[in-house]
Amino acid sequence: MDSNPALCTAIANYITTSPQQRITFAQFMDMVLYHPEYGYYSSNALKIGFKGGDFFTSPNLCADFGELLAEQFFQMWEILGKPIPFSLVEMGAGQGLLALHILKYHQLHYPDFFTALEYIIVEKSPTLRQEQQQRLQDFSVRWCNLENIPPNAIVGCFFSNELVDAFPVHQFTLETGELREIYITTDSNEKETCLSFLEVTGEPSTLQLAEYLDLVEMDFSQSAYPDGYRSEINLAALEWLSIVADRLQRGYVLTIDYGYPASRYYNPRRSQGTLQCYYQHRFHDNPYINIGQQDITAHVDFTALERWGEKCNLKNIGFIQQGLFLMALGLGERLSRVFDERIAALSYQKQPLLELLQRRDALHQLIDPTGLGGFGVLIQSKGLNNTETSQPIKGLTLPK
C-alpha cells in the first residue's frame, strides 16, 4: 500500500531497540501521526478539505461555524466581567480557518472585544503552523507550546475542535475475561518492509489503564463482554486536560469532538472499538497500511474528560450535541435568512441561487445528527464566582 518507507523503517528501528522488541499501540500511533520528519501531521502528506483531502472539518464547510463560536466567546467575556486581555487559546488550529472566521467576526461585530482579545494558537504540526501563519498574517496571533504557558496565566477560554480524537490511544483486548494490552512488533525476517507490523498481546504497560477504567466505572469482568472484545484508552487526553487546567486561572474549557459517554463508548456491542483511519475521504480500520499517509483517530470518551476535569478543579458546565449547541447560538435564524434570500434570488436574481443552496446545505451539515451535528460539545470552567457560575451559557440554553 501507499506507506512512507522512511517512517516504516523508523518505527521498526524503534521496536527492535525497545524492551521485548515491542511498543504499545499508543507509541506506534504517536510515531505514525507525529514523527517530526515523516509523521502524517508533520509532513506534506497531511491533506484537509474537500478536494484531494483525507477528511474535512466544520470550518471547511462555511464561516458560520466559527462565527457562532465567536458569539459564545463574546458571551463568556461578558460573564467574566470583560477582562483585558481575554485569552482565546485554540489548540490544534488545523489550517487556521476557524481562527480566521472567529477573528473576522469579532473585528466586525464586537470591536471592543476584538481590542481586548489575545488569540493564542497551540499547534504541534510545523506544516499546519506555517499555513496558519500565512492565513492569519493580518491579525495579531501568538503561537506557542501548551507546556510553555505559565501556570494560572490564562483568563479566557481554551478551546479545540477535533483535537482529542487524534491523541495516541492504548488498545486493549479481552482474553478469557482478562484485560490484555495490544502491542506492536515486527516480523524478524522482514524488518525493512512496511507490511511487517504485527499485533501481540501482553500485560498492561501501565497501571494507569486500570485506573482509567476505574475513573469511568467500567468493569470488563462482566459476562456481557465477549472474548476478543477490544477498545481504546486515551491516557493522553487526561494528561492534556491536566495541563490545560493548570494553565487556566479563570474561565472556560470548550471541547468539540466526536465521541460518547463511557457507557456508550464501552458498550459490549461495540466489540471492535472506535479506531478509524481516513484516507482520501474513505475510512477503514486498518492502521497498518498507508503508514504516514493517512489519519488515525479514535472517538472521545467524554465521561473521562468530565471526571478527570473534576479532579483538576474544572467544573462541568454542560455537555450537548453540536447541532443543538449551534442552534442555541443562532444557526436556526441563519437558516431562515438563507431561505428568505433564496426566495429573493428567485424573484430578483440578486444573488446566485447555487451559492445560497450550497450555504444552506453547509448549515444543514453542521446540525445533521448523523454527522457533524452529532459531535459532542463539553464546556468546563475554573475560578468562577457564584454570580458568574449562575449565568447560563448561551450555547447550552435551548429554547423552551
# chains A, B, ... in the order shown; residues from 1 in each chain; ligands from 1
>>> select_by_dssp(residues="stretch 71-119 of chain A", states="alpha helix (DSSP H)", output="count of residues only")
28
>>> closest_atom_pairs(of="stretch 17-72 of chain A", to="stretch 308-322 of chain A", cutoff="12 Å", atoms="only C-alpha atoms", output="JSON lines")
{"residue": "A:Ser58", "atom": "CA", "partner": "A:Gln322", "partner_atom": "CA", "distance": 10.4}
{"residue": "A:Phe65", "atom": "CA", "partner": "A:Gln322", "partner_atom": "CA", "distance": 10.1}
{"residue": "A:Leu68", "atom": "CA", "partner": "A:Gln322", "partner_atom": "CA", "distance": 11.3}
{"residue": "A:Leu69", "atom": "CA", "partner": "A:Gln322", "partner_atom": "CA", "distance": 10.9}
>>> write_last_selection(atoms="all heavy atoms", output="compact mmCIF listing (two decimals), in the first residue's frame")
# COMPACT_ATOMS: atom_id res chain seq x y z
N SER A 58 -15.62 21.02 10.37
CA SER A 58 -16.70 22.01 10.29
C SER A 58 -16.26 23.34 9.68
O SER A 58 -17.00 23.92 8.88
CB SER A 58 -17.29 22.25 11.69
OG SER A 58 -17.96 21.10 12.15
N PHE A 65 -19.76 28.33 11.31
CA PHE A 65 -19.35 27.57 12.49
C PHE A 65 -18.49 28.45 13.40
O PHE A 65 -18.74 28.57 14.60
CB PHE A 65 -18.59 26.31 12.07
CG PHE A 65 -18.09 25.47 13.21
CD1 PHE A 65 -18.96 24.71 13.96
CD2 PHE A 65 -16.74 25.44 13.52
CE1 PHE A 65 -18.50 23.92 15.03
CE2 PHE A 65 -16.27 24.67 14.58
CZ PHE A 65 -17.15 23.91 15.33
N LEU A 68 -20.52 31.48 14.91
CA LEU A 68 -21.38 31.12 16.04
C LEU A 68 -20.56 30.86 17.29
O LEU A 68 -20.95 31.22 18.41
CB LEU A 68 -22.24 29.92 15.67
CG LEU A 68 -23.30 30.20 14.60
CD1 LEU A 68 -23.93 28.90 14.11
CD2 LEU A 68 -24.39 31.14 15.13
N LEU A 69 -19.39 30.24 17.13
CA LEU A 69 -18.48 30.09 18.27
C LEU A 69 -18.05 31.45 18.79
O LEU A 69 -17.91 31.66 20.01
CB LEU A 69 -17.24 29.28 17.87
CG LEU A 69 -17.36 27.76 17.87
CD1 LEU A 69 -16.04 27.13 17.42
CD2 LEU A 69 -17.73 27.23 19.24
>>> atom_distance(atom1="atom CA of A:Ala298", atom2="atom CA of A:Glu217")
19.7 Å
>>> closest_residue(among="A:Gly273, A:Gly371, A:Gly39, A:Pro85", to="A:Pro5", atoms="only C-alpha atoms")
A:Gly39
>>> closest_residue(among="A:Leu366, A:Val244, A:Met31, A:Leu356", to="A:Pro168", atoms="only C-alpha atoms")
A:Met31
>>> residues_around(residues="A:Arg307", least_positions_apart="4", cutoff="8 Å", atoms="only C-alpha atoms", output="JSON list (two decimals) with N, CA, C and O atoms, in the first residue's frame")
[["chain", "number", "residue", "atom", "x", "y", "z"],
["A", 215, "LEU", "N", -11.91, 5.14, 36.81],
["A", 215, "LEU", "CA", -12.41, 6.51, 36.74],
["A", 215, "LEU", "C", -13.76, 6.57, 36.04],
["A", 215, "LEU", "O", -14.67, 7.29, 36.48],
["A", 216, "VAL", "N", -13.90, 5.81, 34.94],
["A", 216, "VAL", "CA", -15.16, 5.85, 34.18],
["A", 216, "VAL", "C", -16.11, 4.72, 34.58],
["A", 216, "VAL", "O", -17.14, 4.51, 33.94],
["A", 303, "THR", "N", -16.97, 11.04, 29.28],
["A", 303, "THR", "CA", -17.07, 10.78, 30.72],
["A", 303, "THR", "C", -15.70, 10.93, 31.37],
["A", 303, "THR", "O", -15.58, 11.50, 32.46],
["A", 311, "LYS", "N", -11.20, 16.31, 38.94],
["A", 311, "LYS", "CA", -10.00, 16.10, 39.74],
["A", 311, "LYS", "C", -8.98, 17.22, 39.54],
["A", 311, "LYS", "O", -8.09, 17.42, 40.37]]
>>> closest_atom_pairs(of="stretch 160-221 of chain A", to="stretch 18-22 of chain A", cutoff="10 Å", atoms="only C-alpha atoms", output="tab-separated table")
residue	atom	partner	partner_atom	distance
A:Ile182	CA	A:Arg22	CA	9.8
A:Tyr183	CA	A:Arg22	CA	6.1
A:Ile184	CA	A:Arg22	CA	5.4
A:Thr185	CA	A:Arg22	CA	4.6
A:Thr186	CA	A:Arg22	CA	7.8
A:Ser188	CA	A:Gln21	CA	9.9
A:Leu198	CA	A:Arg22	CA	9.5
A:Glu199	CA	A:Arg22	CA	9.1
A:Val200	CA	A:Arg22	CA	8.4
A:Thr201	CA	A:Arg22	CA	9.9
>>> write_last_selection(atoms="N, CA, C and O atoms", output="PDB file, in the first residue's frame")
ATOM      1  N   ILE A 182      -2.656  -4.471  23.724  1.00  0.00           N
ATOM      2  CA  ILE A 182      -2.199  -4.808  22.377  1.00  0.00           C
ATOM      3  C   ILE A 182      -0.894  -4.063  22.102  1.00  0.00           C
ATOM      4  O   ILE A 182      -0.829  -2.836  22.229  1.00  0.00           O
ATOM      5  N   TYR A 183       0.135  -4.805  21.748  1.00  0.00           N
ATOM      6  CA  TYR A 183       1.439  -4.248  21.411  1.00  0.00           C
ATOM      7  C   TYR A 183       1.721  -4.456  19.927  1.00  0.00           C
ATOM      8  O   TYR A 183       1.097  -5.296  19.272  1.00  0.00           O
ATOM      9  N   ILE A 184       2.691  -3.692  19.418  1.00  0.00           N
ATOM     10  CA  ILE A 184       3.087  -3.801  18.020  1.00  0.00           C
ATOM     11  C   ILE A 184       4.534  -4.284  17.960  1.00  0.00           C
ATOM     12  O   ILE A 184       5.410  -3.773  18.661  1.00  0.00           O
ATOM     13  N   THR A 185       4.766  -5.268  17.115  1.00  0.00           N
ATOM     14  CA  THR A 185       6.116  -5.774  16.895  1.00  0.00           C
ATOM     15  C   THR A 185       6.336  -5.943  15.396  1.00  0.00           C
ATOM     16  O   THR A 185       5.478  -5.551  14.594  1.00  0.00           O
ATOM     17  N   THR A 186       7.469  -6.483  15.020  1.00  0.00           N
ATOM     18  CA  THR A 186       7.774  -6.684  13.602  1.00  0.00           C
ATOM     19  C   THR A 186       8.093  -8.140  13.351  1.00  0.00           C
ATOM     20  O   THR A 186       8.451  -8.888  14.260  1.00  0.00           O
ATOM     21  N   SER A 188      10.631 -10.581  12.336  1.00  0.00           N
ATOM     22  CA  SER A 188      12.103 -10.504  12.395  1.00  0.00           C
ATOM     23  C   SER A 188      12.752 -10.739  11.048  1.00  0.00           C
ATOM     24  O   SER A 188      13.895 -10.347  10.824  1.00  0.00           O
ATOM     25  N   LEU A 198       3.063  -6.356  13.309  1.00  0.00           N
ATOM     26  CA  LEU A 198       2.175  -7.394  13.826  1.00  0.00           C
ATOM     27  C   LEU A 198       1.686  -6.997  15.217  1.00  0.00           C
ATOM     28  O   LEU A 198       2.381  -6.306  15.959  1.00  0.00           O
ATOM     29  N   GLU A 199       0.500  -7.469  15.562  1.00  0.00           N
ATOM     30  CA  GLU A 199      -0.039  -7.250  16.901  1.00  0.00           C
ATOM     31  C   GLU A 199       0.237  -8.457  17.780  1.00  0.00           C
ATOM     32  O   GLU A 199       0.082  -9.603  17.354  1.00  0.00           O
ATOM     33  N   VAL A 200       0.649  -8.174  19.012  1.00  0.00           N
ATOM     34  CA  VAL A 200       0.776  -9.204  20.041  1.00  0.00           C
ATOM     35  C   VAL A 200       0.133  -8.656  21.308  1.00  0.00           C
ATOM     36  O   VAL A 200      -0.030  -7.441  21.452  1.00  0.00           O
ATOM     37  N   THR A 201      -0.237  -9.519  22.220  1.00  0.00           N
ATOM     38  CA  THR A 201      -0.857  -9.063  23.461  1.00  0.00           C
ATOM     39  C   THR A 201       0.038  -9.388  24.639  1.00  0.00           C
ATOM     40  O   THR A 201       0.877 -10.291  24.593  1.00  0.00           O
TER      41      THR A 201
END
>>> closest_residue(among="A:Gln130, A:Gln249, A:Thr176, A:Thr370", to="A:Leu384", atoms="only C-alpha atoms")
A:Gln249
>>> select_by_dssp(residues="stretch 154-342 of chain A", states="strand (DSSP E)", output="ChimeraX atom specification")
/A:154-161,170-175,178-186,197-202,230-233,248-257,259-260,276-279,282-284,295-297,300-301,315-321
>>> closest_residue(among="A:Leu136, A:Val32, A:Ala166, A:Ala224", to="A:Leu98", atoms="only C-alpha atoms")
A:Leu136
>>> residues_around(residues="A:Gly330", least_positions_apart="4", cutoff="12 Å", atoms="only C-alpha atoms", output="tab-separated table (two decimals) with all heavy atoms, in the first residue's frame")
chain	number	residue	atom	x	y	z
A	64	ASP	N	-19.86	30.09	9.10
A	64	ASP	CA	-20.87	30.17	10.16
A	64	ASP	C	-20.46	29.45	11.44
A	64	ASP	O	-20.78	29.90	12.54
A	64	ASP	CB	-22.20	29.59	9.65
A	64	ASP	CG	-22.75	30.38	8.49
A	64	ASP	OD1	-22.32	30.12	7.34
A	64	ASP	OD2	-23.60	31.25	8.70
A	65	PHE	N	-19.76	28.33	11.31
A	65	PHE	CA	-19.35	27.57	12.49
A	65	PHE	C	-18.49	28.45	13.40
A	65	PHE	O	-18.74	28.57	14.60
A	65	PHE	CB	-18.59	26.31	12.07
A	65	PHE	CG	-18.09	25.47	13.21
A	65	PHE	CD1	-18.96	24.71	13.96
A	65	PHE	CD2	-16.74	25.44	13.52
A	65	PHE	CE1	-18.50	23.92	15.03
A	65	PHE	CE2	-16.27	24.67	14.58
A	65	PHE	CZ	-17.15	23.91	15.33
A	67	GLU	N	-18.24	31.74	13.31
A	67	GLU	CA	-18.97	32.93	13.72
A	67	GLU	C	-19.90	32.66	14.90
A	67	GLU	O	-20.04	33.49	15.81
A	67	GLU	CB	-19.75	33.48	12.53
A	67	GLU	CG	-18.85	34.06	11.44
A	67	GLU	CD	-19.59	34.45	10.18
A	67	GLU	OE1	-20.82	34.24	10.13
A	67	GLU	OE2	-18.93	34.97	9.27
A	68	LEU	N	-20.52	31.48	14.91
A	68	LEU	CA	-21.38	31.12	16.04
A	68	LEU	C	-20.56	30.86	17.29
A	68	LEU	O	-20.95	31.22	18.41
A	68	LEU	CB	-22.24	29.92	15.67
A	68	LEU	CG	-23.30	30.20	14.60
A	68	LEU	CD1	-23.93	28.90	14.11
A	68	LEU	CD2	-24.39	31.14	15.13
A	69	LEU	N	-19.39	30.24	17.13
A	69	LEU	CA	-18.48	30.09	18.27
A	69	LEU	C	-18.05	31.45	18.79
A	69	LEU	O	-17.91	31.66	20.01
A	69	LEU	CB	-17.24	29.28	17.87
A	69	LEU	CG	-17.36	27.76	17.87
A	69	LEU	CD1	-16.04	27.13	17.42
A	69	LEU	CD2	-17.73	27.23	19.24
A	70	ALA	N	-17.84	32.39	17.87
A	70	ALA	CA	-17.46	33.74	18.27
A	70	ALA	C	-18.52	34.38	19.15
A	70	ALA	O	-18.19	35.11	20.10
A	70	ALA	CB	-17.21	34.60	17.02
A	71	GLU	N	-19.79	34.13	18.86
A	71	GLU	CA	-20.86	34.62	19.71
A	71	GLU	C	-20.73	34.05	21.12
A	71	GLU	O	-20.95	34.75	22.12
A	71	GLU	CB	-22.22	34.24	19.11
A	71	GLU	CG	-22.62	35.03	17.88
A	71	GLU	CD	-23.09	36.43	18.21
A	71	GLU	OE1	-23.27	36.75	19.41
A	71	GLU	OE2	-23.26	37.24	17.27
A	72	GLN	N	-20.38	32.75	21.21
A	72	GLN	CA	-20.23	32.14	22.53
A	72	GLN	C	-19.06	32.73	23.29
A	72	GLN	O	-19.14	33.00	24.50
A	72	GLN	CB	-20.05	30.63	22.39
A	72	GLN	CG	-19.95	29.89	23.71
A	72	GLN	CD	-21.18	30.10	24.57
A	72	GLN	OE1	-22.18	29.44	24.39
A	72	GLN	NE2	-21.12	31.04	25.52
A	323	GLY	N	-25.14	20.04	17.06
A	323	GLY	CA	-26.28	20.60	16.36
A	323	GLY	C	-27.13	21.47	17.27
A	323	GLY	O	-27.53	22.59	16.90
A	324	LEU	N	-27.41	20.99	18.48
A	324	LEU	CA	-28.21	21.76	19.44
A	324	LEU	C	-27.44	22.98	19.93
A	324	LEU	O	-28.03	24.06	20.12
A	324	LEU	CB	-28.60	20.86	20.62
A	324	LEU	CG	-29.49	19.66	20.27
A	324	LEU	CD1	-29.69	18.77	21.50
A	324	LEU	CD2	-30.84	20.13	19.73
A	325	PHE	N	-26.15	22.82	20.14
A	325	PHE	CA	-25.29	23.92	20.57
A	325	PHE	C	-25.33	25.07	19.56
A	325	PHE	O	-25.52	26.23	19.92
A	325	PHE	CB	-23.87	23.38	20.74
A	325	PHE	CG	-22.83	24.39	21.13
A	325	PHE	CD1	-22.81	24.94	22.40
A	325	PHE	CD2	-21.84	24.78	20.24
A	325	PHE	CE1	-21.84	25.86	22.78
A	325	PHE	CE2	-20.87	25.69	20.60
A	325	PHE	CZ	-20.87	26.23	21.87
A	326	LEU	N	-25.18	24.75	18.27
A	326	LEU	CA	-25.18	25.78	17.24
A	326	LEU	C	-26.56	26.39	17.06
A	326	LEU	O	-26.68	27.59	16.79
A	326	LEU	CB	-24.67	25.20	15.93
A	326	LEU	CG	-23.21	24.71	15.93
A	326	LEU	CD1	-22.84	24.11	14.58
A	326	LEU	CD2	-22.25	25.85	16.29
A	334	ARG	N	-30.07	31.85	11.03
A	334	ARG	CA	-29.28	31.93	9.80
A	334	ARG	C	-29.91	31.09	8.69
A	334	ARG	O	-29.92	31.51	7.53
A	334	ARG	CB	-27.85	31.48	10.07
A	334	ARG	CG	-27.06	32.46	10.93
A	334	ARG	CD	-25.65	31.99	11.25
A	334	ARG	NE	-24.97	33.01	12.03
A	334	ARG	CZ	-23.80	33.55	11.72
A	334	ARG	NH1	-23.16	33.14	10.63
A	334	ARG	NH2	-23.24	34.47	12.47
A	335	LEU	N	-30.42	29.93	9.04
A	335	LEU	CA	-31.11	29.11	8.04
A	335	LEU	C	-32.34	29.84	7.50
A	335	LEU	O	-32.63	29.80	6.30
A	335	LEU	CB	-31.52	27.77	8.65
A	335	LEU	CG	-30.50	26.64	8.60
A	335	LEU	CD1	-30.96	25.47	9.46
A	335	LEU	CD2	-30.24	26.19	7.18
A	336	SER	N	-33.07	30.51	8.38
A	336	SER	CA	-34.26	31.25	7.95
A	336	SER	C	-33.88	32.37	6.99
A	336	SER	O	-34.57	32.61	5.99
A	336	SER	CB	-35.00	31.83	9.16
A	336	SER	OG	-35.48	30.80	9.99
A	337	ARG	N	-32.77	33.05	7.29
A	337	ARG	CA	-32.33	34.14	6.42
A	337	ARG	C	-31.93	33.61	5.05
A	337	ARG	O	-32.19	34.24	4.02
A	337	ARG	CB	-31.18	34.90	7.05
A	337	ARG	CG	-31.58	35.77	8.23
A	337	ARG	CD	-30.57	36.87	8.49
A	337	ARG	NE	-29.26	36.35	8.82
A	337	ARG	CZ	-28.85	36.08	10.05
A	337	ARG	NH1	-29.67	36.28	11.08
A	337	ARG	NH2	-27.64	35.62	10.28
A	363	LEU	N	-24.99	24.58	6.25
A	363	LEU	CA	-25.60	24.78	7.56
A	363	LEU	C	-26.32	23.53	8.03
A	363	LEU	O	-26.26	23.17	9.22
A	363	LEU	CB	-26.58	25.96	7.51
A	363	LEU	CG	-25.96	27.35	7.30
A	363	LEU	CD1	-27.05	28.40	7.13
A	363	LEU	CD2	-25.04	27.72	8.45
A	367	ILE	N	-25.55	20.65	11.55
A	367	ILE	CA	-26.50	20.21	12.58
A	367	ILE	C	-27.04	18.81	12.33
A	367	ILE	O	-27.90	18.33	13.07
A	367	ILE	CB	-27.68	21.20	12.72
A	367	ILE	CG1	-28.42	21.37	11.39
A	367	ILE	CG2	-27.18	22.54	13.24
A	367	ILE	CD1	-29.67	22.23	11.48
A	394	LYS	N	-24.91	30.53	26.71
A	394	LYS	CA	-25.85	30.67	25.60
A	394	LYS	C	-25.98	29.38	24.78
A	394	LYS	O	-27.07	28.95	24.43
A	394	LYS	CB	-25.41	31.83	24.70
A	394	LYS	CG	-26.39	32.18	23.61
A	394	LYS	CD	-25.94	33.42	22.83
A	394	LYS	CE	-26.94	33.77	21.75
A	394	LYS	NZ	-26.49	34.97	20.99
A	395	GLY	N	-24.85	28.74	24.45
A	395	GLY	CA	-24.87	27.55	23.62
A	395	GLY	C	-25.48	26.34	24.28
A	395	GLY	O	-25.80	25.34	23.61
A	396	LEU	N	-25.64	26.40	25.61
A	396	LEU	CA	-26.26	25.29	26.35
A	396	LEU	C	-27.71	25.57	26.69
A	396	LEU	O	-28.37	24.74	27.31
A	396	LEU	CB	-25.47	25.03	27.64
A	396	LEU	CG	-24.00	24.65	27.48
A	396	LEU	CD1	-23.35	24.51	28.85
A	396	LEU	CD2	-23.84	23.37	26.68
A	397	THR	N	-28.21	26.76	26.31
A	397	THR	CA	-29.55	27.17	26.69
A	397	THR	C	-30.49	26.98	25.52
A	397	THR	O	-30.53	27.80	24.58
A	397	THR	CB	-29.55	28.65	27.13
A	397	THR	OG1	-28.55	28.85	28.14
A	397	THR	CG2	-30.91	29.03	27.69
A	398	LEU	N	-31.25	25.91	25.55
A	398	LEU	CA	-32.15	25.59	24.45
A	398	LEU	C	-33.48	26.31	24.63
A	398	LEU	O	-33.98	26.47	25.76
A	398	LEU	CB	-32.39	24.08	24.39
A	398	LEU	CG	-31.14	23.22	24.16
A	398	LEU	CD1	-31.50	21.75	24.17
A	398	LEU	CD2	-30.47	23.59	22.84
A	399	PRO	N	-34.08	26.76	23.53
A	399	PRO	CA	-35.38	27.43	23.63
A	399	PRO	C	-36.45	26.47	24.14
A	399	PRO	O	-36.47	25.29	23.81
A	399	PRO	CB	-35.68	27.86	22.19
A	399	PRO	CG	-34.82	26.98	21.33
A	399	PRO	CD	-33.61	26.68	22.15
>>> closest_residue(among="A:Pro268, A:Gly92, A:Gly81, A:Pro369", to="A:Leu163", atoms="only C-alpha atoms")
A:Gly92
>>> residues_around(residues="A:Asp112", least_positions_apart="6", cutoff="12 Å", atoms="only C-alpha atoms", output="number ranges by chain")
A: 74, 77-78, 82-86, 106
>>> write_last_selection(atoms="N, CA and C atoms", output="mmCIF file, in the first residue's frame")
data_model
loop_
_atom_site.group_PDB
_atom_site.id
_atom_site.type_symbol
_atom_site.label_atom_id
_atom_site.label_comp_id
_atom_site.auth_asym_id
_atom_site.auth_seq_id
_atom_site.Cartn_x
_atom_site.Cartn_y
_atom_site.Cartn_z
ATOM 1 N N PHE A 74 -17.828 35.738 22.982
ATOM 2 C CA PHE A 74 -18.183 37.088 23.409
ATOM 3 C C PHE A 74 -19.002 37.038 24.701
ATOM 4 N N TRP A 77 -16.807 36.350 27.654
ATOM 5 C CA TRP A 77 -16.096 37.567 28.048
ATOM 6 C C TRP A 77 -16.975 38.447 28.920
ATOM 7 N N GLU A 78 -18.234 38.576 28.533
ATOM 8 C CA GLU A 78 -19.171 39.380 29.322
ATOM 9 C C GLU A 78 -19.386 38.779 30.710
ATOM 10 N N LYS A 82 -15.671 41.242 31.380
ATOM 11 C CA LYS A 82 -14.910 41.893 30.301
ATOM 12 C C LYS A 82 -13.436 42.129 30.663
ATOM 13 N N PRO A 83 -12.723 41.057 31.048
ATOM 14 C CA PRO A 83 -11.305 41.220 31.400
ATOM 15 C C PRO A 83 -10.466 41.619 30.189
ATOM 16 N N ILE A 84 -9.396 42.337 30.447
ATOM 17 C CA ILE A 84 -8.434 42.702 29.415
ATOM 18 C C ILE A 84 -7.048 42.276 29.882
ATOM 19 N N PRO A 85 -6.374 41.369 29.192
ATOM 20 C CA PRO A 85 -6.871 40.709 27.971
ATOM 21 C C PRO A 85 -7.778 39.524 28.302
ATOM 22 N N PHE A 86 -8.569 39.138 27.318
ATOM 23 C CA PHE A 86 -9.304 37.878 27.338
ATOM 24 C C PHE A 86 -8.580 36.975 26.358
ATOM 25 N N HIS A 106 -15.339 38.893 15.160
ATOM 26 C CA HIS A 106 -15.180 39.765 16.316
ATOM 27 C C HIS A 106 -14.774 41.173 15.882
#
>>> closest_residue(among="A:Pro226, A:Pro151, A:Pro287, A:Gly332", to="A:Asn267", atoms="only C-alpha atoms")
A:Pro226
>>> residues_around(residues="A:Leu275", least_positions_apart="4", cutoff="12 Å", atoms="only C-alpha atoms", output="PyMOL selection string")
chain A and resi 25-26+29+165-172+230-234+258-259+265+270-271+283-287+295-300
>>> write_last_selection(atoms="C-alpha atoms", output="short mmCIF file (atom, residue, chain, number, x, y, z; two decimals), in the first residue's frame")
data_model
loop_
_atom_site.label_atom_id
_atom_site.label_comp_id
_atom_site.auth_asym_id
_atom_site.auth_seq_id
_atom_site.Cartn_x
_atom_site.Cartn_y
_atom_site.Cartn_z
CA PHE A 25 -0.21 0.96 20.10
CA ALA A 26 -0.10 4.47 21.59
CA MET A 29 0.17 5.86 16.68
CA ASP A 165 -9.67 12.28 18.69
CA ALA A 166 -6.15 12.44 17.21
CA PHE A 167 -4.34 11.79 20.52
CA PRO A 168 -2.49 8.43 20.56
CA VAL A 169 -4.54 5.74 22.32
CA HIS A 170 -3.69 2.47 24.04
CA GLN A 171 -5.56 -0.52 22.68
CA PHE A 172 -6.65 -3.49 24.75
CA ARG A 230 -11.25 -4.72 22.01
CA SER A 231 -11.29 -0.98 22.51
CA GLU A 232 -9.13 2.02 23.36
CA ILE A 233 -8.00 4.04 26.36
CA ASN A 234 -6.87 7.64 25.84
CA TYR A 258 -16.92 13.09 18.11
CA GLY A 259 -17.39 10.62 20.91
CA TYR A 265 -18.15 4.02 24.28
CA ARG A 270 -19.12 -2.04 20.11
CA SER A 271 -16.77 -5.01 20.25
CA PHE A 283 -12.47 5.43 6.25
CA HIS A 284 -11.42 1.96 7.36
CA ASP A 285 -9.99 0.30 10.48
CA ASN A 286 -6.52 -0.84 9.38
CA PRO A 287 -3.76 1.40 10.80
CA ASP A 295 -5.09 10.00 9.56
CA ILE A 296 -5.79 7.73 12.54
CA THR A 297 -8.40 8.69 15.12
CA ALA A 298 -10.42 7.24 17.98
CA HIS A 299 -13.67 8.59 19.42
CA VAL A 300 -13.51 10.63 22.61
#
>>> atom_distance(atom1="atom CA of A:Lys382", atom2="atom CA of A:Gly251")
5.6 Å
